[in-house]
Every structure is written in C-alpha cells, then in structure tokens.
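Shown below: entry.txt, with compact mmCIF, C-alpha atoms.
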# COMPACT_ATOMS: atom_id res chain seq x y z
CA MET A 17 56.67 -110.85 -64.84
CA LYS A 18 57.88 -107.76 -63.02
CA LEU A 19 60.15 -105.21 -64.61
CA ASN A 20 62.55 -103.14 -62.55
CA ASP A 21 61.40 -99.55 -62.03
CA ALA A 22 64.48 -98.34 -63.90
CA ILE A 23 63.23 -100.00 -67.10
CA LEU A 24 59.70 -98.63 -66.74
CA GLY A 25 61.06 -95.17 -65.89
CA THR A 26 63.16 -95.22 -69.04
CA VAL A 27 60.09 -96.13 -71.10
CA PHE A 28 58.15 -93.27 -69.46
CA ILE A 29 60.92 -90.80 -70.31
CA LEU A 30 61.11 -92.00 -73.92
CA ILE A 31 57.33 -91.64 -74.35
CA ALA A 32 57.44 -88.20 -72.73
CA ALA A 33 60.25 -87.14 -75.08
CA LEU A 34 58.24 -88.29 -78.10
CA VAL A 35 55.19 -86.37 -76.91
CA LEU A 36 57.24 -83.23 -76.23
CA PHE A 37 58.83 -83.52 -79.68
CA GLN A 38 55.42 -83.87 -81.34
CA VAL A 39 53.81 -81.08 -79.30
CA ARG A 40 56.25 -78.59 -80.82
CA THR A 41 54.47 -79.02 -84.15
CA PHE A 42 51.03 -78.09 -82.78
CA PRO A 43 49.75 -74.70 -83.93
CA THR A 44 49.71 -71.76 -81.52
CA LEU A 45 46.72 -69.57 -80.86
CA PRO A 46 47.10 -65.88 -81.70
CA ASN A 47 47.57 -63.57 -78.70
CA GLN A 48 47.53 -66.46 -76.21
CA PRO A 49 50.45 -67.96 -74.32
CA TYR A 50 48.93 -71.43 -74.49
CA GLY A 51 47.50 -73.59 -77.24
CA PRO A 52 46.50 -77.14 -78.08
CA GLY A 53 49.95 -78.46 -77.10
CA THR A 54 49.95 -77.00 -73.59
CA PHE A 55 48.13 -79.77 -71.74
CA PRO A 56 49.92 -82.67 -73.49
CA GLY A 57 53.22 -80.88 -72.86
CA ILE A 58 52.48 -80.53 -69.14
CA ILE A 59 51.50 -84.19 -68.90
CA ALA A 60 54.67 -85.22 -70.76
CA ALA A 61 56.84 -83.12 -68.45
CA VAL A 62 55.24 -84.67 -65.37
CA MET A 63 55.64 -88.10 -66.96
CA ALA A 64 59.35 -87.44 -67.55
CA LEU A 65 59.82 -86.34 -63.92
CA CYS A 66 58.03 -89.45 -62.66
CA GLY A 67 60.13 -91.57 -65.03
CA GLY A 68 63.28 -90.05 -63.55
CA ALA A 69 62.06 -90.82 -60.04
CA MET A 70 61.31 -94.39 -61.10
CA ILE A 71 64.82 -94.79 -62.53
CA LEU A 72 66.35 -93.57 -59.25
CA ASN A 73 64.12 -95.93 -57.28
CA GLY A 74 65.00 -98.87 -59.54
CA VAL A 75 68.74 -98.23 -59.32
CA ARG A 76 68.61 -97.84 -55.54
CA SER A 77 66.63 -101.06 -55.08
CA GLN A 78 69.29 -103.12 -56.88
CA ALA A 79 66.50 -105.52 -57.87
CA PRO A 80 66.97 -107.70 -60.95
CA LEU A 81 65.85 -106.11 -64.21
CA VAL A 82 63.22 -108.80 -64.86
CA THR A 83 61.57 -111.13 -62.34
CA LEU A 84 59.31 -113.90 -63.60
CA SER A 85 56.09 -114.49 -61.68
CA ASP A 86 55.01 -117.98 -60.67
CA TRP A 87 52.05 -118.02 -63.07
CA ILE A 88 54.31 -117.63 -66.13
CA ARG A 89 55.92 -120.98 -65.28
CA THR A 90 52.60 -122.85 -65.41
CA PRO A 91 52.09 -125.18 -68.39
CA GLY A 92 50.55 -123.40 -71.37
CA ALA A 93 51.02 -119.85 -70.03
CA ALA A 94 53.23 -118.80 -72.94
CA GLY A 95 50.72 -120.22 -75.43
CA ARG A 96 47.86 -118.33 -73.80
CA MET A 97 49.85 -115.11 -73.93
CA ALA A 98 50.70 -115.72 -77.59
CA ALA A 99 47.02 -116.41 -78.31
CA MET A 100 46.05 -113.08 -76.73
CA LEU A 101 48.50 -111.21 -78.97
CA ALA A 102 47.38 -113.22 -82.00
CA PHE A 103 43.75 -112.31 -81.37
CA VAL A 104 44.61 -108.62 -81.13
CA VAL A 105 46.41 -108.85 -84.50
CA LEU A 106 43.48 -110.80 -85.99
CA TYR A 107 41.05 -108.14 -84.81
CA ILE A 108 43.15 -105.39 -86.37
CA LEU A 109 43.37 -107.25 -89.68
CA LEU A 110 39.80 -108.58 -89.87
CA SER A 111 37.61 -105.99 -88.17
CA LYS A 112 36.98 -103.90 -91.29
CA PRO A 113 36.19 -106.72 -93.72
CA ILE A 114 34.22 -108.91 -91.27
CA GLY A 115 32.95 -106.31 -88.83
CA PHE A 116 32.94 -105.90 -85.07
CA PRO A 117 29.58 -107.61 -84.33
CA LEU A 118 30.52 -110.81 -86.18
CA LEU A 119 34.24 -111.01 -85.39
CA VAL A 120 34.44 -110.14 -81.70
CA PRO A 121 32.13 -112.90 -80.37
CA VAL A 122 34.07 -115.53 -82.32
CA LEU A 123 37.42 -114.23 -81.08
CA LEU A 124 36.17 -113.97 -77.50
CA ILE A 125 34.74 -117.48 -77.50
CA ALA A 126 37.98 -118.87 -78.90
CA LEU A 127 40.06 -116.90 -76.40
CA LEU A 128 37.91 -117.96 -73.46
CA CYS A 129 38.17 -121.61 -74.55
CA ILE A 130 41.95 -121.27 -74.77
CA MET A 131 41.82 -119.83 -71.24
CA GLN A 132 40.05 -123.05 -70.24
CA VAL A 133 36.57 -121.59 -69.75
CA ARG A 134 33.82 -124.08 -70.58
CA VAL A 135 32.03 -123.44 -73.89
CA VAL A 136 28.67 -123.33 -72.11
CA LEU A 137 29.94 -120.33 -70.15
CA ALA A 138 32.16 -118.83 -72.87
CA VAL A 139 29.35 -118.28 -75.40
CA PRO A 140 27.07 -116.14 -73.20
CA ILE A 141 30.04 -114.22 -71.78
CA ALA A 142 31.27 -113.42 -75.31
CA LEU A 143 27.83 -112.39 -76.55
CA VAL A 144 27.01 -110.19 -73.55
CA THR A 145 30.48 -108.62 -73.60
CA THR A 146 30.23 -107.89 -77.33
CA GLY A 147 26.79 -106.34 -76.87
CA ALA A 148 27.97 -104.22 -73.93
CA ILE A 149 31.02 -102.98 -75.83
CA TRP A 150 28.85 -102.20 -78.87
CA LEU A 151 26.38 -100.21 -76.77
CA LEU A 152 29.13 -98.37 -74.94
CA PHE A 153 31.17 -97.37 -77.99
CA ALA A 154 28.69 -97.18 -80.88
CA LYS A 155 25.66 -95.79 -79.05
CA LEU A 156 26.87 -94.02 -75.91
CA LEU A 157 30.29 -92.68 -76.98
CA MET A 158 29.33 -92.40 -80.67
CA VAL A 159 32.51 -94.18 -81.80
CA PRO A 160 31.77 -95.94 -85.08
CA LEU A 161 32.75 -99.60 -84.90
CA PRO A 162 33.27 -101.37 -88.24
CA LEU A 163 30.22 -103.27 -89.48
CA GLY A 164 32.02 -105.16 -92.26
CA LEU A 165 29.68 -107.74 -93.77
CA LEU A 166 26.69 -106.25 -91.93
CA THR A 167 27.05 -102.81 -93.54
CA GLU A 168 24.56 -103.68 -96.31
CA VAL A 169 22.16 -105.32 -93.86
CA ILE A 170 22.05 -102.51 -91.30
CA TYR A 171 22.18 -99.53 -93.67

Written as structure tokens, how would this file's structure read?
Amino acid sequence: MKLNDAILGTVFILIAALVLFQVRTFPTLPNQPYGPGTFPGIIAAVMALCGGAMILNGVRSQAPLVTLSDWIRTPGAAGRMAAMLAFVVLYILLSKPIGFPLLVPVLLIALLCIMQVRVVLAVPIALVTTGAIWLLFAKLLMVPLPLGLLTEVIY
C-alpha cells in the first residue's frame, strides 16, 4: 500500500506540532539560550518543513491518496497483517507477567508459521533472534527486558 505524499506530509506536520507543543514545557537552563528542548525543537521544525514539501509534492503529483500494492491482494495477506498487529498487542499485554525470554520465542515461532515458514526453520530462527535481541538490549544497551516468570529463577 502506498500513501500519497500529501497524507504522509500531513502526518509529519502533526507530529512536529505535537513535539513543538511539548518542547515548550521543558525547563530552561539558567544563563543559556538553549536547553533540553532545543534539539527536539530543531528536529520538529525541520520535520514540519519536510512535511510541507511532501504535501506540495503530493498535491502536484495528482496521484491517488492510497494505492494498493499487488502483495496485499494475495490470499491471506490481510490475516497475516492482522496477526502481526495481534502479536504486538499480545507482547505488550503479556511481557511483564510472562517475561521476554519465554514469550518472544513462542510469538516468533507462531508468527513465522503464520508467514508460512516451516517449523523446522522457524524454531531456530526464533530462538537465535530472541537470544540476539536479549544480548543487544539487556547486556549491551543495558535496557532491562521483563523477566516475568523467570524473575525468581534468575535473581
């Protein structure tokens, strides 16, 4: 699916406006013309300018607002897209009680099977991917991922 640049430009401008509105509430530093809101404000201003350019480009192109790609018309495509969104919601709801290391491999295996990957291939892909994400976030970036049921076991 392809959206017209005018739609995406409008979304960019709305996000930029929200950021600029929020940046106003950031504290200022004494005796300095800039503070913690300076960089986000600059990025939001540039984003708004680019959004305006996208709107002009989209209006000039006179392209339809939404164009469906060929893959979206294939059988089961809508179900696979719905499954992807459902798994994101399931992760949000279940990650704290169950935990990242137990939940993510199960969700990935199920998602890969829905995407028509053979189970023999889906299981190792899910396990290696979960391990890589765990190492990247929990160990390298020091972002605590929820342990859920494993909290008592690990700590």

Residue contacts of stretch 127-135 of chain A (9 Å, all atoms listed in the file) excluding same-chain residues fewer than 3 positions away, as JSON, numbers by chain: {"A": [95, 96, 99, 100, 103, 122, 123, 124, 138, 139, 140, 141, 142]}

Residues around (32.3, -106.0, -87.9), cut-off 8 Å, counting all atoms listed in the file - what are they as a list in words?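 Within 8 Å of (32.3, -106.0, -87.9), the protein and nucleic acid residues are Ser111, Lys112, Pro113, Ile114, Gly115, Phe116, Pro117, Leu118, Leu119, Val120, Leu161, Pro162, Leu163, Gly164, Leu165 and Leu166 of chain A.
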
Between atom CA of A:Val62 and atom CA of A:Val35 - distance in Å to one decimal: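 Atom CA of A:Val35 sits 11.7 Å away from atom CA of A:Val62.
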
I'd like the box whose edges run along x, y and z of the file and which contains every listed atom of stretch 112-126 of chain A, padded by 3 Å per side; could you state its centre and edge lengths in Å, one decimal, as lines of an AutoDock Vina configuration file?
center_x = 33.8
center_y = -111.4
center_z = -85.6
size_x = 14.4
size_y = 21.0
size_z = 22.2

Nearest residue to A:Ala60 out of A:Leu156, A:Val169, A:Leu151, A:Ala33, using all atoms listed in the file? A:Ala33

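For the set A:Ala148, A:Leu157, A:Ile170, A:Leu24, the residue with the smallest atom-to-atom gap to A:Leu81 is A:Leu24, counting all atoms listed in the file.
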
Could you jot down the atom CA of A:Ile59 to atom CA of A:Ala32 separation for me, Å, one decimal place?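 These two atoms are separated by 8.1 Å.
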
Scan for residues within 12 Å of the point (54.7, -83.9, -82.1) in the coordinates of the file, using all atoms listed in the file, and reply as a ChimeraX atom specification. /A:31-43,52-54,56-57,60

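Going from atom CA of A:Ile108 to atom CA of A:Met63 covers 28.8 Å.
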
Excluding A:Arg76 and its own-chain neighbours fewer than 6 positions away, which residues fall within 12 Å of it when counting all atoms listed in the file? Please give them as a PyMOL selection string. chain A and resi 20-22+69-70

Keeping only C-alpha atoms, write the selected residues as a PDB file, keeping the file's coordinate frame.
ATOM      1  CA  ASN A  20      62.550-103.140 -62.550  1.00  0.00           C
ATOM      2  CA  ASP A  21      61.400 -99.550 -62.030  1.00  0.00           C
ATOM      3  CA  ALA A  22      64.480 -98.340 -63.900  1.00  0.00           C
ATOM      4  CA  ALA A  69      62.060 -90.820 -60.040  1.00  0.00           C
ATOM      5  CA  MET A  70      61.310 -94.390 -61.100  1.00  0.00           C
TER       6      MET A  70
END
